[in-house]
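**Q** Sending over input-v1.cif (mmCIF, C-alpha atoms).
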```cif
data_run
loop_
_atom_site.label_atom_id
_atom_site.label_comp_id
_atom_site.auth_asym_id
_atom_site.auth_seq_id
_atom_site.Cartn_x
_atom_site.Cartn_y
_atom_site.Cartn_z
CA MET A 18 -22.58 176.69 127.97
CA SER A 19 -23.74 174.90 124.83
CA ASN A 20 -23.89 171.11 124.71
CA ILE A 21 -20.84 170.97 122.44
CA GLU A 22 -18.86 173.15 124.85
CA ILE A 23 -19.85 170.84 127.72
CA GLY A 24 -18.75 167.86 125.63
CA LEU A 25 -15.37 169.41 124.82
CA LEU A 26 -14.86 170.32 128.47
CA GLY A 27 -15.69 166.75 129.43
CA LEU A 28 -13.14 165.38 126.96
CA ALA A 29 -10.49 167.74 128.32
CA ILE A 30 -11.23 166.66 131.91
CA LEU A 31 -11.07 163.00 130.84
CA LEU A 32 -7.64 163.46 129.26
CA VAL A 33 -6.38 165.20 132.41
CA LEU A 34 -7.68 162.35 134.61
CA LEU A 35 -6.04 159.76 132.37
CA ALA A 36 -2.77 161.72 132.45
CA LEU A 37 -2.99 161.61 136.26
CA ARG A 38 -3.17 157.79 135.98
CA MET A 39 -6.76 157.46 137.11
CA PRO A 40 -8.13 154.07 135.94
CA VAL A 41 -9.82 154.32 132.55
CA ALA A 42 -13.12 152.92 133.79
CA THR A 43 -13.35 155.30 136.74
CA ALA A 44 -12.44 158.35 134.66
CA MET A 45 -15.03 157.57 131.98
CA MET A 46 -17.78 156.92 134.52
CA LEU A 47 -17.09 160.19 136.36
CA VAL A 48 -16.93 162.30 133.20
CA GLY A 49 -19.83 160.49 131.55
CA PHE A 50 -22.09 160.85 134.56
CA GLY A 51 -21.08 164.46 135.26
CA GLY A 52 -21.46 165.51 131.62
CA HIS A 53 -24.82 163.75 131.27
CA TRP A 54 -26.01 165.49 134.44
CA ALA A 55 -24.94 168.88 133.05
CA ILE A 56 -26.87 168.33 129.80
CA SER A 57 -29.85 166.26 130.98
CA PRO A 58 -30.01 165.82 134.79
CA ARG A 59 -33.04 163.50 134.72
CA GLY A 60 -31.27 160.93 132.54
CA ALA A 61 -27.90 160.81 134.29
CA ILE A 62 -28.70 158.45 137.17
CA PRO A 63 -30.74 155.98 135.05
CA SER A 64 -27.87 155.96 132.52
CA LEU A 65 -25.31 155.13 135.21
CA GLY A 66 -27.36 152.39 136.85
CA GLY A 67 -28.71 150.99 133.60
CA SER A 68 -25.28 150.82 131.95
CA ALA A 69 -23.79 148.88 134.86
CA PHE A 70 -26.64 146.35 134.87
CA GLU A 71 -26.95 145.95 131.10
CA THR A 72 -23.22 145.53 130.54
CA SER A 73 -22.87 142.87 133.22
CA THR A 74 -25.73 140.87 131.69
CA ILE A 75 -24.58 140.89 128.03
CA GLU A 76 -24.54 137.21 127.13
CA ALA A 77 -21.78 137.59 124.55
CA LEU A 78 -19.35 138.78 127.25
CA ALA A 79 -19.27 135.26 128.69
CA ILE A 80 -16.63 134.70 126.04
CA LEU A 81 -14.09 136.82 127.96
CA PRO A 82 -13.63 134.78 131.16
CA LEU A 83 -13.73 131.52 129.19
CA PHE A 84 -10.97 132.48 126.77
CA VAL A 85 -8.87 134.12 129.50
CA LEU A 86 -9.15 130.96 131.61
CA MET A 87 -8.23 128.86 128.57
CA GLY A 88 -5.03 130.89 128.16
CA ASN A 89 -4.19 130.61 131.85
CA LEU A 90 -4.71 126.84 131.79
CA ALA A 91 -2.54 126.58 128.67
CA GLY A 92 0.23 128.36 130.55
CA VAL A 93 -0.14 126.01 133.53
CA SER A 94 0.14 122.92 131.30
CA ARG A 95 3.38 124.22 129.69
CA MET A 96 1.87 124.38 126.19
CA SER A 97 3.84 127.57 125.59
CA ARG A 98 7.09 125.64 126.13
CA ASP A 99 5.99 122.93 123.68
CA LEU A 100 5.08 125.52 121.08
CA TYR A 101 8.41 127.30 121.38
CA ASP A 102 10.32 124.00 121.23
CA ALA A 103 8.50 123.02 118.01
CA ALA A 104 9.31 126.36 116.37
CA TYR A 105 12.90 126.14 117.63
CA ALA A 106 13.32 122.65 116.16
CA TRP A 107 12.39 123.85 112.68
CA VAL A 108 13.94 127.33 112.44
CA GLY A 109 16.36 127.61 115.37
CA HIS A 110 19.40 126.67 113.29
CA TYR A 111 18.93 129.66 110.97
CA ARG A 112 20.46 133.07 111.68
CA GLY A 113 18.03 134.85 114.01
CA GLY A 114 16.16 131.55 114.34
CA LEU A 115 15.54 131.80 118.08
CA ALA A 116 13.96 135.24 117.66
CA SER A 117 11.83 133.88 114.80
CA SER A 118 10.87 130.94 117.01
CA THR A 119 9.73 133.44 119.62
CA ILE A 120 7.50 135.21 117.09
CA ILE A 121 6.00 131.90 115.92
CA GLY A 122 5.52 130.80 119.53
CA CYS A 123 3.81 134.08 120.40
CA ALA A 124 1.53 133.74 117.37
CA GLY A 125 0.50 130.24 118.43
CA PHE A 126 0.05 131.14 122.08
CA SER A 127 -2.02 134.17 121.04
CA ALA A 128 -4.58 131.72 119.67
CA LEU A 129 -4.98 130.49 123.24
CA SER A 130 -4.62 133.55 125.44
CA GLY A 131 -6.19 136.53 123.64
CA SER A 132 -3.93 138.84 125.65
CA SER A 133 -0.80 140.63 124.48
CA LEU A 134 0.57 140.95 128.01
CA ALA A 135 0.07 137.24 128.73
CA SER A 136 1.72 136.29 125.43
CA ALA A 137 4.75 138.52 126.04
CA LEU A 138 5.16 137.41 129.65
CA THR A 139 4.68 133.68 129.04
CA MET A 140 6.82 133.39 125.91
CA GLY A 141 9.41 135.78 127.32
CA ARG A 142 10.08 133.52 130.28
CA VAL A 143 10.60 130.62 127.89
CA ALA A 144 12.53 132.33 125.08
CA LEU A 145 14.70 134.97 126.75
CA PRO A 146 17.05 132.54 128.59
CA GLU A 147 17.60 130.61 125.33
CA MET A 148 18.45 133.73 123.34
CA GLN A 149 20.77 134.96 126.08
CA ARG A 150 22.49 131.54 126.13
CA TYR A 151 23.25 131.83 122.40
CA LYS A 152 24.56 135.40 122.80
CA TYR A 153 21.72 137.21 121.04
CA SER A 154 21.89 140.97 121.34
CA ASP A 155 19.69 142.29 124.15
CA SER A 156 17.83 144.57 121.76
CA MET A 157 16.99 141.75 119.34
CA ALA A 158 15.90 139.34 122.08
CA THR A 159 13.70 141.75 124.03
CA GLY A 160 12.35 143.45 120.91
CA ALA A 161 11.17 140.12 119.46
CA ILE A 162 9.40 139.22 122.71
CA ALA A 163 7.69 142.61 123.07
CA ALA A 164 6.59 142.70 119.43
CA GLY A 165 5.55 139.04 119.31
CA GLY A 166 3.39 139.55 122.37
CA THR A 167 1.33 142.19 120.58
CA LEU A 168 -0.08 139.44 118.33
CA GLY A 169 -2.20 138.44 121.33
CA ILE A 170 -4.83 141.09 120.56
CA LEU A 171 -4.93 140.44 116.79
CA ILE A 172 -4.95 136.67 116.41
CA PRO A 173 -8.25 135.27 117.75
CA PRO A 174 -9.42 134.92 120.42
CA SER A 175 -8.80 138.58 121.18
CA ALA A 176 -10.10 140.57 124.15
CA GLY A 177 -9.66 143.71 122.04
CA PHE A 178 -12.00 142.36 119.35
CA VAL A 179 -14.58 141.37 121.98
CA VAL A 180 -14.64 144.89 123.46
CA TYR A 181 -14.73 146.43 119.97
CA ALA A 182 -17.63 144.15 118.97
CA ILE A 183 -19.67 145.07 122.04
CA LEU A 184 -19.11 148.81 121.51
CA THR A 185 -19.93 148.74 117.78
CA GLU A 186 -22.51 145.93 117.86
CA GLU A 187 -20.54 143.98 115.26
CA SER A 188 -20.29 140.18 115.20
CA ILE A 189 -17.57 138.76 117.46
CA GLY A 190 -17.24 135.76 115.14
CA ARG A 191 -16.69 137.97 112.08
CA LEU A 192 -14.09 140.04 113.91
CA PHE A 193 -12.26 136.93 115.08
CA MET A 194 -12.12 135.60 111.53
CA ALA A 195 -11.01 139.01 110.24
CA GLY A 196 -7.96 138.85 112.51
CA VAL A 197 -6.65 135.48 111.29
CA LEU A 198 -4.99 136.36 107.96
CA PRO A 199 -3.71 139.79 109.11
CA GLY A 200 -2.27 138.07 112.19
CA ILE A 201 -0.42 135.53 110.05
CA MET A 202 0.74 138.31 107.73
CA LEU A 203 2.03 140.43 110.62
CA ALA A 204 3.85 137.48 112.19
CA SER A 205 5.48 136.83 108.79
CA LEU A 206 6.52 140.47 108.54
CA PHE A 207 8.10 140.21 112.00
CA VAL A 208 10.08 137.14 110.89
CA GLY A 209 11.08 139.02 107.73
CA ALA A 210 12.29 141.95 109.85
CA ILE A 211 14.44 139.55 111.90
CA TYR A 212 15.89 138.05 108.71
CA LEU A 213 16.80 141.48 107.33
CA MET A 214 18.31 142.65 110.63
CA THR A 215 20.49 139.55 110.99
CA LEU A 216 21.45 139.74 107.30
CA TRP A 217 22.67 143.28 107.97
CA LYS A 218 24.27 142.49 111.33
CA PRO A 219 24.77 138.72 111.82
CA GLU A 220 25.97 139.21 115.39
CA LEU A 221 22.47 140.33 116.43
CA GLY A 222 21.15 136.77 116.22
CA PRO A 223 23.67 133.94 115.72
CA PRO A 224 22.22 130.56 114.70
CA ALA A 225 21.85 127.71 117.17
CA GLU A 226 24.79 125.31 117.24
CA ILE A 227 22.77 122.15 116.60
CA ARG A 228 20.60 121.44 113.56
CA MET A 229 17.97 118.92 114.60
CA GLY A 230 17.12 115.93 112.45
CA TYR A 231 13.67 115.49 110.97
CA ARG A 232 12.76 112.81 113.50
CA ASP A 233 13.37 115.24 116.35
CA ARG A 234 11.51 118.00 114.49
CA PHE A 235 8.40 115.89 114.03
CA ARG A 236 8.62 114.72 117.63
CA ALA A 237 8.61 118.37 118.71
CA LEU A 238 5.58 118.98 116.50
CA GLY A 239 3.86 116.04 118.17
CA GLN A 240 4.46 117.62 121.57
CA ALA A 241 2.67 120.75 120.32
CA LEU A 242 -0.33 118.74 119.09
CA PRO A 243 -2.62 119.76 122.02
CA ILE A 244 -2.32 123.42 121.03
CA THR A 245 -3.16 122.55 117.42
CA VAL A 246 -6.24 120.61 118.55
CA ILE A 247 -7.49 123.50 120.67
CA ILE A 248 -6.91 126.08 117.90
CA VAL A 249 -8.68 123.96 115.28
CA ALA A 250 -11.54 123.21 117.68
CA THR A 251 -12.12 126.88 118.52
CA VAL A 252 -11.23 128.97 115.46
CA GLY A 253 -12.14 126.20 113.01
CA GLY A 254 -15.46 125.60 114.73
CA ILE A 255 -16.37 129.29 114.54
CA TYR A 256 -15.41 129.55 110.87
CA SER A 257 -17.32 126.42 109.86
CA GLY A 258 -20.42 127.61 111.71
CA ILE A 259 -20.59 124.52 113.93
CA TYR A 260 -20.93 126.71 117.00
CA SER A 261 -20.83 130.35 118.08
CA ALA A 262 -17.79 132.22 119.40
CA THR A 263 -19.10 131.88 122.97
CA GLU A 264 -19.60 128.13 122.58
CA ALA A 265 -16.12 127.87 121.06
CA ALA A 266 -14.70 129.58 124.15
CA GLY A 267 -16.37 126.99 126.39
CA ILE A 268 -15.06 124.09 124.28
CA GLY A 269 -11.54 125.54 124.18
CA CYS A 270 -11.53 126.08 127.93
CA LEU A 271 -12.70 122.50 128.51
CA LEU A 272 -10.00 121.10 126.21
CA ALA A 273 -7.27 123.15 127.91
CA PHE A 274 -8.49 121.90 131.29
CA ALA A 275 -8.51 118.29 130.03
CA PHE A 276 -4.96 118.53 128.62
CA ALA A 277 -3.69 120.08 131.86
CA LEU A 278 -5.22 117.17 133.80
CA TYR A 279 -3.80 114.63 131.34
CA ARG A 280 -0.31 116.04 131.77
CA ARG A 281 -0.71 116.06 135.56
CA SER A 282 0.43 119.67 135.64
CA LEU A 283 -2.74 121.00 137.25
CA THR A 284 -2.67 121.32 141.03
CA LEU A 285 -5.19 122.90 143.34
CA SER A 286 -2.82 125.81 143.90
CA ASN A 287 -2.09 126.70 140.27
CA PHE A 288 -5.71 126.12 139.29
CA ALA A 289 -6.76 128.62 141.97
CA ASP A 290 -4.17 131.08 140.61
CA ALA A 291 -5.50 130.63 137.08
CA VAL A 292 -9.07 131.28 138.22
CA MET A 293 -8.09 134.37 140.24
CA ASN A 294 -6.09 135.81 137.32
CA THR A 295 -9.11 135.21 135.09
CA LEU A 296 -11.42 136.99 137.53
CA ARG A 297 -9.10 140.00 137.77
CA SER A 298 -8.75 140.35 134.00
CA THR A 299 -12.49 139.91 133.43
CA ALA A 300 -13.47 142.38 136.13
CA THR A 301 -11.11 144.99 134.70
CA THR A 302 -12.56 144.59 131.21
CA PHE A 303 -16.16 144.70 132.48
CA LEU A 304 -15.45 147.92 134.38
CA ILE A 305 -13.96 149.49 131.25
CA LEU A 306 -17.06 148.54 129.26
CA ILE A 307 -19.37 149.95 131.95
CA GLY A 308 -17.40 153.20 131.86
CA ALA A 309 -17.66 153.26 128.06
CA PHE A 310 -21.44 152.75 128.14
CA VAL A 311 -21.79 155.61 130.65
CA PHE A 312 -19.53 157.87 128.60
CA THR A 313 -21.07 157.15 125.17
CA PRO A 314 -24.55 158.67 125.87
CA PHE A 315 -22.89 161.84 127.15
CA ILE A 316 -20.87 162.18 123.93
CA ALA A 317 -23.98 161.54 121.84
CA LEU A 318 -25.98 164.16 123.77
CA SER A 319 -23.20 166.73 123.42
CA GLY A 320 -23.54 166.72 119.62
CA ILE A 321 -19.78 166.40 119.07
CA PRO A 322 -20.06 163.40 116.68
CA ASP A 323 -22.54 165.29 114.48
CA ALA A 324 -20.35 168.41 114.48
CA LEU A 325 -17.30 166.30 113.65
CA LEU A 326 -19.17 164.63 110.79
CA ASP A 327 -20.20 168.01 109.36
CA LEU A 328 -16.62 169.27 109.60
CA LEU A 329 -15.04 166.25 107.90
CA THR A 330 -17.73 166.06 105.23
CA GLY A 331 -17.07 169.69 104.36
CA LEU A 332 -13.37 168.97 103.86
CA GLU A 333 -14.21 166.47 101.08
CA LEU A 334 -11.47 164.09 102.13
CA GLY A 335 -13.03 160.92 100.77
CA LYS A 336 -12.95 157.55 102.50
CA PHE A 337 -9.21 156.95 102.30
CA GLY A 338 -8.31 160.52 103.20
CA LEU A 339 -10.45 160.27 106.33
CA LEU A 340 -8.99 156.87 107.17
CA ALA A 341 -5.43 158.19 106.82
CA ILE A 342 -6.12 161.09 109.20
CA VAL A 343 -7.84 158.80 111.74
CA LEU A 344 -5.04 156.20 111.70
CA VAL A 345 -2.27 158.79 112.07
CA PHE A 346 -4.21 160.36 114.96
CA LEU A 347 -4.60 156.97 116.67
CA VAL A 348 -0.91 156.13 116.22
CA LEU A 349 0.00 159.42 117.90
CA LEU A 350 -2.47 158.71 120.72
CA GLY A 351 -0.81 155.33 121.21
CA THR A 352 2.47 156.97 122.17
CA PHE A 353 1.03 158.28 125.45
CA MET A 354 -2.27 156.46 126.06
CA GLU A 355 -3.08 152.83 126.90
CA GLY A 356 -4.79 150.75 124.20
CA PHE A 357 -8.15 150.09 125.84
CA ALA A 358 -8.39 153.78 126.73
CA ILE A 359 -7.95 154.70 123.06
CA LEU A 360 -10.54 152.13 122.04
CA VAL A 361 -13.32 153.23 124.38
CA LEU A 362 -12.53 156.94 124.08
CA THR A 363 -12.39 157.29 120.29
CA LEU A 364 -15.07 154.85 119.13
CA PRO A 365 -18.07 156.92 120.34
CA LEU A 366 -16.65 159.90 118.46
CA LEU A 367 -15.50 158.20 115.27
CA GLU A 368 -17.99 155.39 114.65
CA PRO A 369 -20.82 157.60 113.26
CA VAL A 370 -18.34 159.42 111.02
CA LEU A 371 -16.73 156.21 109.73
CA ARG A 372 -20.07 154.58 108.98
CA SER A 373 -21.28 157.67 107.12
CA PHE A 374 -18.22 157.46 104.86
CA GLY A 375 -19.03 153.82 104.03
CA ILE A 376 -16.10 152.30 105.92
CA ASP A 377 -16.60 148.64 106.83
CA MET A 378 -16.42 148.49 110.64
CA VAL A 379 -15.01 144.94 110.68
CA TRP A 380 -12.15 146.06 108.44
CA TYR A 381 -11.66 149.17 110.56
CA GLY A 382 -11.63 146.97 113.68
CA VAL A 383 -8.60 145.10 112.36
CA LEU A 384 -6.83 148.36 111.45
CA MET A 385 -7.56 149.77 114.88
CA VAL A 386 -6.25 146.69 116.67
CA ILE A 387 -2.97 146.93 114.73
CA VAL A 388 -2.73 150.59 115.77
CA LEU A 389 -3.29 149.49 119.38
CA GLU A 390 -0.49 146.94 118.89
CA MET A 391 1.81 149.76 117.78
CA GLY A 392 0.89 151.63 120.96
CA LEU A 393 1.83 148.59 123.07
CA ILE A 394 5.48 149.00 122.03
CA SER A 395 5.62 152.77 121.45
CA PRO A 396 7.58 154.96 123.89
CA PRO A 397 7.02 156.27 126.46
CA VAL A 398 3.94 154.21 127.50
CA GLY A 399 4.69 150.90 125.67
CA VAL A 400 3.05 148.50 128.13
CA ASN A 401 4.62 145.41 126.53
CA VAL A 402 8.05 146.97 126.88
CA PHE A 403 7.57 147.25 130.64
CA VAL A 404 6.35 143.64 130.78
CA VAL A 405 9.53 142.51 129.02
CA LYS A 406 11.60 144.70 131.33
CA SER A 407 10.12 142.82 134.30
CA ILE A 408 11.68 139.57 133.03
CA ALA A 409 14.86 141.17 131.63
CA GLU A 410 15.81 143.35 134.57
CA ASP A 411 19.45 143.70 133.49
CA VAL A 412 18.57 145.06 130.04
CA PRO A 413 18.36 148.89 129.82
CA MET A 414 15.04 150.34 128.64
CA ASN A 415 16.82 152.12 125.79
CA ASP A 416 17.99 148.78 124.40
CA ILE A 417 14.46 147.35 124.52
CA PHE A 418 12.96 150.37 122.75
CA LYS A 419 15.78 150.22 120.18
CA GLY A 420 14.97 146.58 119.56
CA ILE A 421 11.27 147.13 118.92
CA PHE A 422 11.78 149.80 116.24
CA PRO A 423 12.08 147.40 113.24
CA PHE A 424 8.95 145.58 114.41
CA TRP A 425 7.10 148.88 114.76
CA ILE A 426 8.00 149.62 111.14
CA ALA A 427 6.70 146.16 110.18
CA MET A 428 3.38 147.02 111.82
CA GLY A 429 3.21 150.21 109.77
CA VAL A 430 3.81 148.16 106.61
CA ALA A 431 1.01 145.75 107.65
CA LEU A 432 -1.32 148.70 108.18
CA PHE A 433 -0.49 150.09 104.74
CA ILE A 434 -1.07 146.70 103.06
CA LEU A 435 -4.43 146.24 104.78
CA VAL A 436 -5.59 149.71 103.74
CA LEU A 437 -4.71 148.92 100.12
CA PHE A 438 -6.10 145.37 100.22
CA PRO A 439 -9.07 145.18 102.63
CA ASP A 440 -9.92 141.66 101.42
CA ILE A 441 -7.01 140.28 103.44
CA ALA A 442 -9.08 141.03 106.52
CA LEU A 443 -12.54 140.51 105.01
CA LEU A 444 -12.00 137.27 103.06
CA LEU A 445 -12.62 134.84 105.93
CA PRO A 446 -15.57 136.67 107.55
CA ASN A 447 -17.22 137.10 104.16
CA THR A 448 -16.82 133.44 103.17
CA MET A 449 -17.85 132.40 106.68
CA PHE A 450 -21.21 134.11 106.18
CA ASN A 451 -21.40 133.48 102.41
#
```
Is it possible to express this structure as structure tokens?
**A**
Amino acid sequence: MSNIEIGLLGLAILLVLLALRMPVATAMMLVGFGGHWAISPRGAIPSLGGSAFETSTIEALAILPLFVLMGNLAGVSRMSRDLYDAAYAWVGHYRGGLASSTIIGCAGFSALSGSSLASALTMGRVALPEMQRYKYSDSMATGAIAAGGTLGILIPPSAGFVVYAILTEESIGRLFMAGVLPGIMLASLFVGAIYLMTLWKPELGPPAEIRMGYRDRFRALGQALPITVIIVATVGGIYSGIYSATEAAGIGCLLAFAFALYRRSLTLSNFADAVMNTLRSTATTFLILIGAFVFTPFIALSGIPDALLDLLTGLELGKFGLLAIVLVFLVLLGTFMEGFAILVLTLPLLEPVLRSFGIDMVWYGVLMVIVLEMGLISPPVGVNVFVVKSIAEDVPMNDIFKGIFPFWIAMGVALFILVLFPDIALLLPNTMFN
């Protein structure tokens, strides 16, 4: 067999293993090691051992456990509740206001957690009972939570951006900054979708009965001040160049810990839970990265990226034609494959091609993360949908998937806008580095 045939066989085996629900990391390590052995036996074992050691000693990856712990501590100290209450005080009295408050709360909590699942789960527990109390439709309530949670991997800090940066050797700080304006834009599009839906069918999201006075609104904002301080200290510190992304993670984690102590909400038990959840999340991500670094050399040796580049160059698609094909392909993948699996599987194949066409990899990183967000709420996999189902057990899955459709369309609109206007994503990272 030729090297390309071995590579294609390896990709087919990998897809079968993923379809059988084998963990992404395990599947990539098995296929990567086996394929490397078939092409170059002498390099297979050093690649496996070296990848595991090198990945676990990458200094930049210290950012992951620190930001995950920061999000867990923020959840312990009830910052998510404060954030939702502040949003509710200002927009809850409008039609669909509670759903909009959920989106705003998810956007704010995303700046602490970096995880879509954590954002959906934490804000869902806070927001769902309120929306059910005011007779919101099940589809509107659950759809807003599932979609709002996806902002966790776009608004910095983002575990998705960290993994992407390690795989492409791009700057984590630049990627974090690139996600800020698109994250705000996407959250605004979600709120716009809620407004249009409730304008069309007011019964989907009736307004809250009480309109709070400005004194109560500003008091609610004051309660959310700790979150504002942490966000400014981390994201603002990275943008201004005062410290690196890793240092920002340490400062944010320390501030979250201090606020939890100040509020007397931190006990030995919930602190231990926060640490254990952090360790589990970090270990999972590290294993995925190790699998990716074992798989990538095999793909490079197979010659598939070079063959793919020759094929696409011959089609004379141009940069935007190539980008359109890639994004549509990734959206389709997202309907049946988990986000991190798409990230680590496609990057080794597509990165050389994208760079050769002059596509900015920071810009592409933002586009790819939005595509991964679409996958988080796309049937039948839709991980965020299953997270919401776990806290809304009486709501049928069909109603949840029906509720996320307008938000999925909003993501498509965001993707289209970012393709047309790349500076929305690149403005902050470019000004950050002059």
**Q** List the residues matched by the PyMOL selection byres ((chain A and resi 377-391) around 6) in the displayed structure as an MDAnalysis selection string, ordered by chain and then by residue number.
**A** chainID A and resid 167 192 348 356 376 392:394
**Q** Could you tell me how far CA of Val412 in chain A sits from CA of Asp155 in chain A, in Å to one decimal place?
**A**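 Separating CA of Asp155 in chain A from CA of Val412 in chain A is a distance of 6.6 Å.
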**Q** Expand the PyMOL selection byres ((chain A and resi 305) around 10) into the individual residues it matches in the shown file, reporting them as a list in words.
**A**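 Expected selection for the PyMOL selection byres ((chain A and resi 305) around 10) here is Pro40, Val41, Ala42, Thr43, Ala44, Met45, Met46, Val180, Thr299, Ala300, Thr301, Thr302, Phe303, Leu304, Leu306, Ile307, Gly308, Ala309, Phe310, Val311, Phe357, Ala358 and Val361 of chain A.
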**Q** Please write as a compact mmCIF listing (two decimals) with C-alpha atoms, keeping the file's coordinate frame the full residue list that the PyMOL selection byres ((chain A and resi 413-420) around 10) yields on this file.
**A**
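Generated file (part_13.txt):
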```txt
# COMPACT_ATOMS: atom_id res chain seq x y z
CA SER A 154 21.89 140.97 121.34
CA ASP A 155 19.69 142.29 124.15
CA SER A 156 17.83 144.57 121.76
CA MET A 157 16.99 141.75 119.34
CA ALA A 158 15.90 139.34 122.08
CA THR A 159 13.70 141.75 124.03
CA GLY A 160 12.35 143.45 120.91
CA ALA A 161 11.17 140.12 119.46
CA ILE A 162 9.40 139.22 122.71
CA ALA A 163 7.69 142.61 123.07
CA ALA A 164 6.59 142.70 119.43
CA ILE A 394 5.48 149.00 122.03
CA SER A 395 5.62 152.77 121.45
CA PRO A 396 7.58 154.96 123.89
CA PRO A 397 7.02 156.27 126.46
CA GLY A 399 4.69 150.90 125.67
CA VAL A 402 8.05 146.97 126.88
CA PHE A 403 7.57 147.25 130.64
CA VAL A 405 9.53 142.51 129.02
CA LYS A 406 11.60 144.70 131.33
CA ALA A 409 14.86 141.17 131.63
CA GLU A 410 15.81 143.35 134.57
CA ASP A 411 19.45 143.70 133.49
CA VAL A 412 18.57 145.06 130.04
CA ILE A 421 11.27 147.13 118.92
CA PHE A 422 11.78 149.80 116.24
CA PRO A 423 12.08 147.40 113.24
CA PHE A 424 8.95 145.58 114.41
CA TRP A 425 7.10 148.88 114.76
```
**Q** Please provide the set of residues having any atom within 9 Å of Leu203 in chain A, restricted to all atoms listed in the file, with same-chain residues fewer than 6 positions apart removed, written as a list in words.
**A**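 That gives Leu168, Ala427, Met428, Val430 and Ala431 of chain A.
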**Q** I need every residue sitting at most 12 Å from the point (-3.1, 138.0, 110.4) (coordinates as in the file, all atoms listed in the file considered), written as a PyMOL selection string.
**A** chain A and resi 124-125+127-128+167-173+192-207+383-384+386-387+428+431-432+434-435+440-445
**Q** Can you measure CA of Gly253 in chain A to CA of Asp102 in chain A for me? One decimal in Å is fine.
**A**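 CA of Asp102 in chain A lies at a distance of 24.0 Å from CA of Gly253 in chain A.
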**Q** One decimal, Å: what's the distance from CA of Gly49 in chain A over to CA of Ala79 in chain A, could you say?
**A**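 According to the coordinates, CA of Gly49 in chain A and CA of Ala79 in chain A are separated by 25.4 Å.
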**Q** Could you check which of A:Ser261, A:Asn287, A:Ser175, A:Ser118 is closest to Ala77 in chain A, using only C-alpha atoms?
**A**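 Under the stated criterion, the closest residue is A:Ser261.
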**Q** Choose the residue, out of A:Leu28, A:Ala55, A:Val436, A:Ala266, that has the smallest atom-to-atom separation from Leu344 in chain A; count only C-alpha atoms.
**A**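 Answer, going by the shortest atom-to-atom distance: A:Val436.
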**Q** Please list as JSON, numbers by chain every residue within 12 Å of Arg150 in chain A, counting all atoms listed in the file and excluding residues in the same chain fewer than 5 positions away.
**A** {"A": [115, 144, 145, 155, 158, 222, 223, 224, 225, 226]}
**Q** Can you work out which one of A:Thr251, A:Met449, A:Leu184, A:Asn20 has the shortest atom-to-atom distance to Thr72 in chain A, counting only C-alpha atoms?
**A**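 Closest to Thr72 in chain A of all the choices is A:Leu184.
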**Q** May I ask which of the residues A:Thr215, A:Ser282, A:Ser298, A:Thr263 is the closest one to Ser130 in chain A, counting all atoms listed in the file?
**A**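 Residue with the minimum atom-to-atom distance to Ser130 in chain A: A:Ser298.
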